[in-house]
$ cat target17.txt   # compact mmCIF, C-alpha atoms
# COMPACT_ATOMS: atom_id res chain seq x y z
CA GLU A 1 0.00 0.00 0.00
CA VAL A 2 1.12 3.52 -0.83
CA GLN A 3 0.32 6.51 1.34
CA LEU A 4 0.34 10.03 -0.05
CA VAL A 5 0.52 13.27 1.94
CA GLU A 6 0.32 16.65 0.24
CA SER A 7 1.78 19.90 1.52
CA GLY A 8 2.67 23.37 0.35
CA GLY A 9 -0.72 24.84 -0.46
CA GLY A 10 -1.67 28.35 0.58
CA LEU A 11 -2.78 31.79 -0.48
CA VAL A 12 -0.95 33.43 -3.38
CA GLN A 13 -1.61 36.54 -5.44
CA PRO A 14 -2.46 36.32 -9.15
CA GLY A 15 0.72 36.01 -11.17
CA GLY A 16 2.55 34.43 -8.27
CA SER A 17 4.13 31.00 -7.91
CA LEU A 18 3.69 28.09 -5.56
CA ARG A 19 5.07 24.56 -5.32
CA VAL A 20 3.01 21.80 -3.80
CA SER A 21 4.60 18.55 -2.71
CA CYS A 22 3.45 15.01 -2.14
CA ALA A 23 5.33 12.70 0.19
CA VAL A 24 5.05 9.07 -0.84
CA SER A 25 5.50 6.17 1.53
CA PRO A 26 7.01 3.71 1.49
CA ASN A 27 8.21 4.64 -2.02
CA ILE A 28 7.17 5.68 -5.51
CA TYR A 29 6.14 2.78 -7.73
CA SER A 30 8.23 2.34 -10.82
CA SER A 31 6.31 2.06 -14.09
CA ALA A 32 3.28 3.83 -12.65
CA CYS A 33 1.59 7.14 -13.20
CA MET A 34 1.46 9.83 -10.59
CA ALA A 35 -0.76 12.83 -11.01
CA TRP A 36 -2.05 16.03 -9.57
CA PHE A 37 -5.80 16.46 -9.69
CA ARG A 38 -7.76 19.49 -8.54
CA GLN A 39 -11.33 20.19 -7.58
CA ALA A 40 -12.86 23.62 -7.22
CA PRO A 41 -16.15 24.17 -5.36
CA GLY A 42 -19.08 23.14 -7.51
CA LYS A 43 -16.87 21.64 -10.19
CA GLU A 44 -15.78 18.13 -11.10
CA ARG A 45 -12.32 16.91 -10.21
CA GLU A 46 -9.92 17.22 -13.12
CA ALA A 47 -6.45 15.93 -13.90
CA VAL A 48 -3.99 18.81 -14.01
CA ALA A 49 -0.71 17.00 -14.68
CA ILE A 50 0.43 13.40 -15.00
CA VAL A 51 3.91 11.92 -15.01
CA TYR A 52 5.06 8.40 -15.83
CA THR A 53 7.52 7.28 -13.18
CA GLY A 54 9.24 4.86 -15.56
CA GLY A 55 10.47 7.69 -17.77
CA ASP A 56 10.06 11.43 -18.38
CA ALA A 57 6.72 11.43 -20.18
CA ALA A 58 4.20 13.90 -18.82
CA LYS A 59 0.81 15.27 -19.76
CA TYR A 60 -0.88 18.52 -18.81
CA ALA A 61 -4.35 19.94 -18.97
CA ASP A 62 -4.60 22.63 -21.62
CA SER A 63 -5.48 25.20 -18.97
CA VAL A 64 -2.09 24.81 -17.24
CA LYS A 65 0.29 24.08 -20.13
CA GLY A 66 3.31 26.35 -20.01
CA ARG A 67 2.57 27.39 -16.43
CA PHE A 68 2.70 24.18 -14.37
CA THR A 69 5.45 21.55 -14.21
CA ILE A 70 5.11 18.12 -12.64
CA SER A 71 8.14 16.22 -11.43
CA ASN A 72 8.99 13.26 -9.26
CA ASP A 73 12.09 12.52 -7.23
CA ARG A 74 12.41 8.84 -6.47
CA THR A 75 15.41 9.42 -4.21
CA LYS A 76 13.18 11.52 -1.97
CA ASN A 77 9.96 9.61 -2.68
CA ALA A 78 8.25 12.86 -3.58
CA LEU A 79 6.03 14.30 -6.29
CA TYR A 80 5.96 18.02 -6.99
CA LEU A 81 3.85 20.50 -8.90
CA GLN A 82 5.49 23.82 -9.65
CA MET A 83 2.81 26.37 -10.44
CA ASN A 84 3.76 29.69 -12.04
CA ASN A 85 1.71 32.64 -13.23
CA LEU A 86 -1.18 31.52 -11.09
CA ARG A 87 -4.68 32.70 -11.88
CA PRO A 88 -7.79 32.97 -9.71
CA GLU A 89 -9.30 30.07 -11.66
CA ASP A 90 -6.49 27.85 -10.37
CA THR A 91 -8.06 28.06 -6.92
CA ALA A 92 -8.93 24.52 -5.85
CA MET A 93 -8.10 21.62 -3.59
CA TYR A 94 -5.13 19.85 -5.13
CA TYR A 95 -4.80 16.08 -4.75
CA CYS A 96 -1.85 13.79 -5.35
CA ALA A 97 -2.68 10.35 -6.77
CA SER A 98 -0.91 7.24 -7.96
CA THR A 99 -1.74 4.21 -10.01
CA SER A 100 -0.35 0.76 -9.38
CA PRO A 101 2.49 -0.22 -11.74
CA LEU A 102 0.63 -0.30 -15.06
CA GLY A 103 3.34 0.63 -17.52
CA SER A 104 3.31 3.71 -19.73
CA LEU A 105 -0.25 3.05 -20.89
CA CYS A 106 -1.33 4.57 -17.59
CA LEU A 107 -0.81 7.96 -19.26
CA ASN A 108 -3.95 7.30 -21.27
CA ARG A 109 -6.04 6.06 -18.39
CA GLY A 110 -8.68 8.08 -16.60
CA GLU A 111 -9.24 8.90 -12.97
CA ASP A 112 -10.52 5.40 -12.23
CA ALA A 113 -6.98 4.02 -12.74
CA TYR A 114 -5.69 5.92 -9.71
CA ARG A 115 -5.81 3.64 -6.72
CA TYR A 116 -4.04 5.80 -4.14
CA TRP A 117 -5.03 9.31 -3.13
CA GLY A 118 -3.87 11.94 -0.68
CA GLN A 119 -6.13 14.14 1.42
CA GLY A 120 -5.45 17.28 -0.58
CA THR A 121 -3.92 20.70 -0.06
CA GLN A 122 -5.81 23.95 -0.67
CA VAL A 123 -4.47 26.47 -3.17
CA THR A 124 -6.15 29.87 -3.24
CA VAL A 125 -5.23 32.52 -5.79
CA SER A 126 -6.56 35.89 -4.81
CA SER A 127 -5.51 39.49 -4.37

$ encode --input "target17.txt" --output "structure tokens"
Amino acid sequence: EVQLVESGGGLVQPGGSLRVSCAVSPNIYSSACMAWFRQAPGKEREAVAIVYTGGDAAKYADSVKGRFTISNDRTKNALYLQMNNLRPEDTAMYYCASTSPLGSLCLNRGEDAYRYWGQGTQVTVSS
């Protein structure tokens, strides 16, 4: 079993930057997908960024391309989301999630493929 704990959320002004982290225990699965999802009040949860832990492949939602970067550090058992040029519409609860080792095809799987979830960290973008 994998446990995920997010941290680093907070209040940031529009145009600002924030990095959220996800501590993974006991360790990051190889050949799995890890992702950041977000859910704003009254909206459905959406995948923001996905990374394949067996290589460098990553996918981003169109709304965050060029502004957000997902990365994982297997030596630290951590997943990160660097968020730049934040907008009010980025305000949401951000969740870290992981699949089991599924191979690179996990990049094309939906939310139902993610077996492990953290409790979330709140990101608020407001002046």

$ residues_around --input "target17.txt" --residues "range 56-73 of chain A" --least-positions-apart "2" --cutoff "12 Å" --atoms "only C-alpha atoms" --output "number ranges by chain"
A: 15-24, 27-38, 46-54, 75-87, 89-90, 96, 98, 103-109

$ atom_distance --input "target17.txt" --atom1 "CA of Arg115 in chain A" --atom2 "CA of Leu4 in chain A"
11.1 Å

$ atom_distance --input "target17.txt" --atom1 "CA of Gly120 in chain A" --atom2 "CA of Gly42 in chain A"
16.4 Å

$ residues_around --input "target17.txt" --residues "Gly10 in chain A" --least-positions-apart "3" --cutoff "7 Å" --atoms "only C-alpha atoms" --output "list in words"
Gln122, Val123 and Thr124 of chain A

$ atom_distance --input "target17.txt" --atom1 "CA of Pro26 in chain A" --atom2 "CA of Ala92 in chain A"
27.2 Å

$ closest_residue --input "target17.txt" --among "A:Ser127, A:Val2, A:Tyr95, A:Tyr116" --to "Arg45 in chain A" --atoms "all atoms listed in the file"
A:Tyr95

$ build_atoms --input "target17.txt" --residues "range 100-112 of chain A" --atoms "N, CA, C and O atoms" --output "PDB file, in the coordinates of the input"
ATOM      1  N   SER A 100      -1.255   1.885  -9.596  1.00  0.00           N
ATOM      2  CA  SER A 100      -0.350   0.760  -9.380  1.00  0.00           C
ATOM      3  C   SER A 100       0.571   0.709 -10.589  1.00  0.00           C
ATOM      4  O   SER A 100       0.357   1.425 -11.563  1.00  0.00           O
ATOM      5  N   PRO A 101       1.622  -0.127 -10.566  1.00  0.00           N
ATOM      6  CA  PRO A 101       2.490  -0.220 -11.740  1.00  0.00           C
ATOM      7  C   PRO A 101       1.722  -0.776 -12.940  1.00  0.00           C
ATOM      8  O   PRO A 101       1.389  -1.957 -12.983  1.00  0.00           O
ATOM      9  N   LEU A 102       1.427   0.082 -13.898  1.00  0.00           N
ATOM     10  CA  LEU A 102       0.630  -0.300 -15.060  1.00  0.00           C
ATOM     11  C   LEU A 102       1.400  -0.171 -16.370  1.00  0.00           C
ATOM     12  O   LEU A 102       0.867  -0.475 -17.428  1.00  0.00           O
ATOM     13  N   GLY A 103       2.622   0.339 -16.288  1.00  0.00           N
ATOM     14  CA  GLY A 103       3.340   0.630 -17.520  1.00  0.00           C
ATOM     15  C   GLY A 103       2.911   1.968 -18.083  1.00  0.00           C
ATOM     16  O   GLY A 103       1.998   2.632 -17.558  1.00  0.00           O
ATOM     17  N   SER A 104       3.524   2.367 -19.190  1.00  0.00           N
ATOM     18  CA  SER A 104       3.310   3.710 -19.730  1.00  0.00           C
ATOM     19  C   SER A 104       1.895   3.937 -20.243  1.00  0.00           C
ATOM     20  O   SER A 104       1.484   5.090 -20.434  1.00  0.00           O
ATOM     21  N   LEU A 105       1.133   2.878 -20.455  1.00  0.00           N
ATOM     22  CA  LEU A 105      -0.250   3.050 -20.890  1.00  0.00           C
ATOM     23  C   LEU A 105      -1.094   3.781 -19.843  1.00  0.00           C
ATOM     24  O   LEU A 105      -2.186   4.265 -20.150  1.00  0.00           O
ATOM     25  N   CYS A 106      -0.586   3.855 -18.638  1.00  0.00           N
ATOM     26  CA  CYS A 106      -1.330   4.570 -17.590  1.00  0.00           C
ATOM     27  C   CYS A 106      -1.526   6.028 -17.955  1.00  0.00           C
ATOM     28  O   CYS A 106      -2.443   6.686 -17.454  1.00  0.00           O
ATOM     29  N   LEU A 107      -0.672   6.567 -18.838  1.00  0.00           N
ATOM     30  CA  LEU A 107      -0.810   7.960 -19.260  1.00  0.00           C
ATOM     31  C   LEU A 107      -2.126   8.203 -19.983  1.00  0.00           C
ATOM     32  O   LEU A 107      -2.597   9.338 -20.054  1.00  0.00           O
ATOM     33  N   ASN A 108      -2.702   7.170 -20.528  1.00  0.00           N
ATOM     34  CA  ASN A 108      -3.950   7.300 -21.270  1.00  0.00           C
ATOM     35  C   ASN A 108      -5.159   6.836 -20.479  1.00  0.00           C
ATOM     36  O   ASN A 108      -6.265   6.794 -21.027  1.00  0.00           O
ATOM     37  N   ARG A 109      -4.941   6.516 -19.226  1.00  0.00           N
ATOM     38  CA  ARG A 109      -6.040   6.060 -18.390  1.00  0.00           C
ATOM     39  C   ARG A 109      -6.694   7.231 -17.678  1.00  0.00           C
ATOM     40  O   ARG A 109      -6.099   8.282 -17.453  1.00  0.00           O
ATOM     41  N   GLY A 110      -7.930   7.037 -17.301  1.00  0.00           N
ATOM     42  CA  GLY A 110      -8.680   8.080 -16.600  1.00  0.00           C
ATOM     43  C   GLY A 110      -8.519   7.997 -15.107  1.00  0.00           C
ATOM     44  O   GLY A 110      -7.734   7.216 -14.574  1.00  0.00           O
ATOM     45  N   GLU A 111      -9.320   8.787 -14.422  1.00  0.00           N
ATOM     46  CA  GLU A 111      -9.240   8.900 -12.970  1.00  0.00           C
ATOM     47  C   GLU A 111      -9.457   7.562 -12.282  1.00  0.00           C
ATOM     48  O   GLU A 111      -8.879   7.306 -11.216  1.00  0.00           O
ATOM     49  N   ASP A 112     -10.220   6.675 -12.881  1.00  0.00           N
ATOM     50  CA  ASP A 112     -10.520   5.400 -12.230  1.00  0.00           C
ATOM     51  C   ASP A 112      -9.284   4.508 -12.097  1.00  0.00           C
ATOM     52  O   ASP A 112      -9.294   3.535 -11.336  1.00  0.00           O
TER      53      ASP A 112
END
